[in-house]
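Working notes for the structure below.
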Amino acid sequence: MTAILDHQDAGPQDTGTRRSLMKRVLDGLSPSRLMVPGFLLFWSLLVIVPLVVIVLFSFLQVRQFRVVYEPTLATWISLIDSGRWMAVVRTLRVALTMTVIEFLLAFPFALWLAKGCRSKTVKAAVITLLTIPFFLDAASRIIVWRSILGTTGAINTALMSLGLVDQPVEWLLYSEFAVHFGLLGTYFPPMVFPIFMSIALIDDEFIQASGDLGASPAQTLFNVILPLALPGIVAGIVFTLVPLMAAFVEPQLLGGGFVDLLGNSVNSALQQLKYPTAAALSTLVVLLLGLCLVALIRVVHRRIDLAAMFVAMRR
Amino acid sequence: MSATAMETYSRRAVAAPSARRRLSTSPRWTTLAKGAGVFAIVMIYIPLVWLAVMSFTANPLAGIPYPLTFQNYATLFADARWRPPLYTSLLMSAGVAVVCMALSTLVGRALTRMARPGASLLLVLMPLFVPGLTMGAALFIFLRTMLNLTLGMWSIFLAQLVWALPFCILLVLVVASRFDLRLLDAAEDLGASPWRRFWDIEMPILRPGILGAGIFGFLLSFNELPRSLFVRGIETTMPIYNWAMAASQQSQVPIIFSLTTILLAVTLPVMGAFFWVLFVKLDKN
């Protein structure tokens, strides 16, 4: 120990200033107290400030390419007058429908994957398959559906040549059906993963105990598995609903102008240089999301106390 | 599936309590659950397969894979317009990946040493709760209309960082939170310098997380569309190019079919191998 101390003491003396400079740099590597606040400041400038700005901006107007700093409700009134609220209703409907569909598909599958699937190879393969699409380009992936669903597409060609229909089925493409269809694959993984993880964390013994104590399978599902998996379910719904509320690739490419969602409205408003409109619509997206999340948390709260749930998870 | 599975399970538990747990023995529910998953996975992969098939046909949007031709690939290589976006994307993603690796290491390590990281973590993860398009529009209005800055590569970079960094920090946090900080004290007591403590003791444990952050950062940035679309200025990345071609219904569509097929042929095996190794390894630990 003395030798080490000697060695440490000797270090700075031997090499003088170079050593002390090095030391200062190296001490910087140990997480300083400035690191987190500094980063959070930078992050707030990049994330929070723009979001606050659009809310404020929706109450301003642009005249002759210059922002008029004078609060007005003009943008919001024109939104209501121009019937854009139809897009709001449609967006909510499509987003909520898709979230429900994804949940109904994802929950049983996640349950099977976490507790039913015994082969590790199959599990790893499924997880790999579900991770990859997260990193694929949306536009080129979605436009392919056109050549499958279109009037001269694969499905219609097959149906016609089989003699099942005389006329091509038109509602397959450029319809709400097509948009839902295109959204289905994209938003499955973000729903499955959180649910899968939370179910995988449930101790098998809980389930066993429930059965041993005479609970019916349905009782075990609703009273043991579902409450314990609730954090994952909430996370899954959030990660599905958030991007769904502003989806614009699928509606644009598969809706053919008939399915104008909020995302498309923001996009077109920005292209027409209607910045306050885009700001108001974006605010609306965030507002609606917030409302949905508050509703979700209220529903979840009624069922079980959130805090208690996390304690159970940490166990 | 679970309901009936549970029943079977409890019966087994009574019969042979020490038997290896098997939860999914009910054919009906298991089939239904598997069916739902297989259906969704097929829905994800049909477009990819069809994309590859149609890239070899004369009219990719026609729907019939006939007549087969290499024409699209010939057109693709004769055309030069897709090259600058591809190079921009590659460069941009590499930059985002490097910055993500550095920042997520610094922030991730610092967060694990905080007494109450909850609120800070929530702020860091904030972009995950904001739709990409909203974030893009907000950044555009803030940077361009409010601050009157000229948008370009730097703003695309920032927008993609907002998207990729939370995931990267999460990855580093996962490994960093498993690291026992007392090991560093032990090393200090034994006379290790700060650098050696970091490099020889902390780094080997953090390395998979940092590497993962780099790969995730690259992939997320390479395919990012809704944010960069608005803050691009006059720059074009690969996803923006694809989007513009797909949305404008131009004759360029055949080119993006063959281009995406080539990109997929390169990236799919690499990603598949990477995630496979990652998940098999994670499962073993």
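Starting from 1 in every chain, residues are counted up; chains themselves are A, B, ... following the order of the structure tokens, and ligands are numbered from 1 as listed.
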Near Ser210 in chain A, counting only C-alpha atoms, which residues have an atom at most 9 Å away, once you skip same-chain residues fewer than 6 positions from it, shown as a list in words?
Ser216, Pro217, Gln219, Thr220, Asn223 and Val224 of chain A; Ser10 of chain B
Quick one: which residues from chain A are at most 6 Å off chain B, using only C-alpha atoms, as a JSON list (two decimals) with C-alpha atoms, in the first residue's frame?
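After the write, iface_11.json holds the following:
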```json
[["chain", "number", "residue", "atom", "x", "y", "z"],
["A", 4, "ILE", "CA", 1.41, 2.40, -4.29],
["A", 26, "LEU", "CA", -8.93, 12.13, -17.28],
["A", 31, "PRO", "CA", -18.95, 11.50, -14.73],
["A", 50, "PRO", "CA", -39.28, 23.60, -30.31],
["A", 51, "LEU", "CA", -42.38, 21.93, -28.89],
["A", 54, "ILE", "CA", -45.05, 25.44, -32.02],
["A", 105, "LEU", "CA", -52.72, -9.62, -32.22],
["A", 108, "PRO", "CA", -51.57, -13.56, -27.20],
["A", 109, "PHE", "CA", -48.46, -13.75, -29.31],
["A", 116, "GLY", "CA", -45.19, -20.85, -24.19],
["A", 124, "ALA", "CA", -34.33, -15.62, -30.98],
["A", 128, "THR", "CA", -34.78, -10.99, -34.81],
["A", 135, "PHE", "CA", -34.71, -0.31, -39.41],
["A", 137, "ASP", "CA", -37.11, 2.50, -45.04],
["A", 139, "ALA", "CA", -41.59, 4.67, -48.29],
["A", 141, "ARG", "CA", -41.67, -0.75, -48.15],
["A", 144, "VAL", "CA", -45.01, -2.17, -52.76],
["A", 147, "SER", "CA", -48.65, -3.51, -56.78],
["A", 148, "ILE", "CA", -50.31, -6.08, -54.53],
["A", 152, "THR", "CA", -54.17, -4.52, -61.76],
["A", 153, "GLY", "CA", -52.29, -5.81, -58.74],
["A", 154, "ALA", "CA", -51.46, -9.31, -57.62],
["A", 185, "GLY", "CA", -47.13, -4.61, -40.23],
["A", 211, "GLY", "CA", -53.24, -22.57, -10.34],
["A", 217, "PRO", "CA", -57.23, -20.38, -16.25],
["A", 218, "ALA", "CA", -59.28, -17.28, -16.97],
["A", 242, "VAL", "CA", -47.55, 7.89, -30.61],
["A", 243, "PRO", "CA", -46.28, 7.23, -34.13],
["A", 246, "ALA", "CA", -48.77, 11.30, -36.98],
["A", 282, "SER", "CA", -48.89, 19.65, -34.65]]
```
Between A:Thr99, A:Ser175, A:Thr186, A:Thr277, which residue has the minimum interatomic distance to Gly255 in chain A, considering only C-alpha atoms?
A:Ser175
So which residues touch range 165-178 of chain B within 6 Å, counting only C-alpha atoms, skipping near sequence neighbours fewer than 2 positions away, as a PDB file with C-alpha atoms, in the first residue's frame?
```
ATOM      1  CA  CYS B 100     -24.432   8.620 -30.298  1.00  0.00           C
ATOM      2  CA  SER B 104     -24.717   7.830 -24.751  1.00  0.00           C
ATOM      3  CA  GLY B 108     -25.462   6.810 -19.530  1.00  0.00           C
ATOM      4  CA  LEU B 125     -36.483   9.781 -23.362  1.00  0.00           C
ATOM      5  CA  LEU B 161     -29.824  12.720 -33.137  1.00  0.00           C
ATOM      6  CA  VAL B 162     -33.087  13.548 -31.358  1.00  0.00           C
ATOM      7  CA  TRP B 163     -34.501  10.295 -32.699  1.00  0.00           C
ATOM      8  CA  LEU B 206     -19.927  -1.129 -21.176  1.00  0.00           C
ATOM      9  CA  GLY B 209     -23.841  -1.386 -24.942  1.00  0.00           C
ATOM     10  CA  ILE B 210     -21.677   1.226 -26.643  1.00  0.00           C
ATOM     11  CA  ALA B 213     -25.543   2.194 -29.500  1.00  0.00           C
TER      12      ALA B 213
END
```
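Of note, CA of Leu122 in chain B and CA of Val52 in chain A are spaced 17.1 Å apart.
If you measure from each of A:Ile101, A:Leu184, A:Ala158, A:Leu113 to Ala125 in chain A using only C-alpha atoms, the closest one turns out to be A:Leu113.
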Contacts of Ala280 in chain A at 9 Å (only C-alpha atoms; same-chain gap of 5+ positions) as a ChimeraX atom specification
/A:54-59,75-76,79,266,275,285
I need the residue nearest Ser55 in chain B from this list: A:Ala178, A:Ile237, A:Leu221, A:Ser140. Use only C-alpha atoms for the distance.
A:Ser140
Could you pull out the helix (DSSP H, G or I) residues of range 130-238 of chain B from DSSP and send them as a ChimeraX atom specification?
/B:132-146,153-176,182-189,194-222,226-230,238
Put those residues in a file: C-alpha atoms, as a tab-separated table (two decimals), in the first residue's frame.
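Everything below was put into again_24.tsv:
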```
chain	number	residue	atom	x	y	z
B	132	GLY	CA	-41.65	12.07	-35.61
B	133	LEU	CA	-43.61	14.34	-37.88
B	134	THR	CA	-44.54	16.68	-35.00
B	135	MET	CA	-40.91	16.81	-33.92
B	136	GLY	CA	-39.84	17.56	-37.48
B	137	ALA	CA	-42.41	20.32	-37.88
B	138	ALA	CA	-41.47	21.77	-34.48
B	139	LEU	CA	-37.76	21.77	-35.28
B	140	PHE	CA	-38.44	23.37	-38.66
B	141	ILE	CA	-40.57	26.15	-37.23
B	142	PHE	CA	-38.11	26.73	-34.40
B	143	LEU	CA	-34.92	26.73	-36.45
B	144	ARG	CA	-36.09	28.15	-39.74
B	145	THR	CA	-39.02	30.42	-39.02
B	146	MET	CA	-38.14	31.60	-35.52
B	153	MET	CA	-26.79	18.89	-43.07
B	154	TRP	CA	-26.43	20.22	-39.52
B	155	SER	CA	-30.17	20.40	-38.93
B	156	ILE	CA	-30.75	16.92	-40.40
B	157	PHE	CA	-27.99	15.74	-38.07
B	158	LEU	CA	-29.65	17.28	-35.01
B	159	ALA	CA	-33.08	15.95	-35.98
B	160	GLN	CA	-31.73	12.42	-36.40
B	161	LEU	CA	-29.82	12.72	-33.14
B	162	VAL	CA	-33.09	13.55	-31.36
B	163	TRP	CA	-34.50	10.30	-32.70
B	164	ALA	CA	-31.53	7.95	-32.28
B	165	LEU	CA	-29.95	9.12	-29.03
B	166	PRO	CA	-32.72	8.07	-26.58
B	167	PHE	CA	-32.48	4.48	-27.86
B	168	CYS	CA	-28.69	4.53	-27.61
B	169	ILE	CA	-28.77	5.92	-24.06
B	170	LEU	CA	-31.25	3.19	-23.11
B	171	LEU	CA	-28.88	0.56	-24.51
B	172	VAL	CA	-25.93	1.91	-22.53
B	173	LEU	CA	-28.09	2.25	-19.41
B	174	VAL	CA	-29.06	-1.41	-19.62
B	175	VAL	CA	-25.42	-2.49	-19.34
B	176	ALA	CA	-24.27	0.40	-17.13
B	182	ARG	CA	-17.83	-0.65	-5.91
B	183	LEU	CA	-15.48	-2.27	-8.41
B	184	LEU	CA	-14.17	1.21	-9.20
B	185	ASP	CA	-13.56	1.95	-5.52
B	186	ALA	CA	-11.73	-1.33	-5.22
B	187	ALA	CA	-9.59	-0.43	-8.21
B	188	GLU	CA	-8.87	2.98	-6.73
B	189	ASP	CA	-7.81	1.41	-3.46
B	194	PRO	CA	-8.76	7.23	-13.28
B	195	TRP	CA	-7.99	6.31	-16.85
B	196	ARG	CA	-7.12	2.72	-16.02
B	197	ARG	CA	-10.23	2.49	-13.86
B	198	PHE	CA	-12.32	3.58	-16.79
B	199	TRP	CA	-10.57	1.71	-19.56
B	200	ASP	CA	-9.69	-1.59	-17.85
B	201	ILE	CA	-12.64	-2.00	-15.53
B	202	GLU	CA	-15.67	-0.09	-16.73
B	203	MET	CA	-15.10	-0.21	-20.48
B	204	PRO	CA	-15.11	-4.01	-20.95
B	205	ILE	CA	-18.52	-4.11	-19.29
B	206	LEU	CA	-19.93	-1.13	-21.18
B	207	ARG	CA	-18.50	-2.16	-24.54
B	208	PRO	CA	-21.47	-4.22	-25.82
B	209	GLY	CA	-23.84	-1.39	-24.94
B	210	ILE	CA	-21.68	1.23	-26.64
B	211	LEU	CA	-21.26	-0.96	-29.72
B	212	GLY	CA	-24.99	-1.55	-29.82
B	213	ALA	CA	-25.54	2.19	-29.50
B	214	GLY	CA	-23.33	2.74	-32.53
B	215	ILE	CA	-25.16	0.17	-34.63
B	216	PHE	CA	-28.61	1.33	-33.54
B	217	GLY	CA	-27.61	4.94	-34.10
B	218	PHE	CA	-26.44	4.16	-37.62
B	219	LEU	CA	-29.52	2.14	-38.57
B	220	LEU	CA	-32.04	4.54	-37.01
B	221	SER	CA	-30.39	7.50	-38.68
B	222	PHE	CA	-30.05	5.74	-42.04
B	226	PRO	CA	-40.32	12.23	-40.82
B	227	ARG	CA	-37.88	14.47	-38.95
B	228	SER	CA	-35.23	14.97	-41.61
B	229	LEU	CA	-37.92	15.54	-44.24
B	230	PHE	CA	-38.77	18.94	-42.78
B	238	MET	CA	-31.84	8.23	-49.05
```
Using only C-alpha atoms, which of the listed residues (A:Cys292, A:Leu164, A:Ile207, A:Val300) sits closest to Leu96 in chain A?
A:Cys292
Taking the DSSP assignment computed from this structure's backbone, write out as a ChimeraX atom specification all residues of range 35-81 of chain A that belong to strand (DSSP E or B).
/A:61-63,66-68
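Computed from the coordinates, the CA of Ile77 in chain A to CA of Gly290 in chain A distance equals 21.7 Å.
Atom pair CA of Ala209 in chain A / CA of Phe196 in chain A: separated by 21.2 Å.
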Pick from B:Ile262, B:Pro269, B:Leu147, B:Leu91 nearest to Val67 in chain A, counting only C-alpha atoms:
B:Leu147
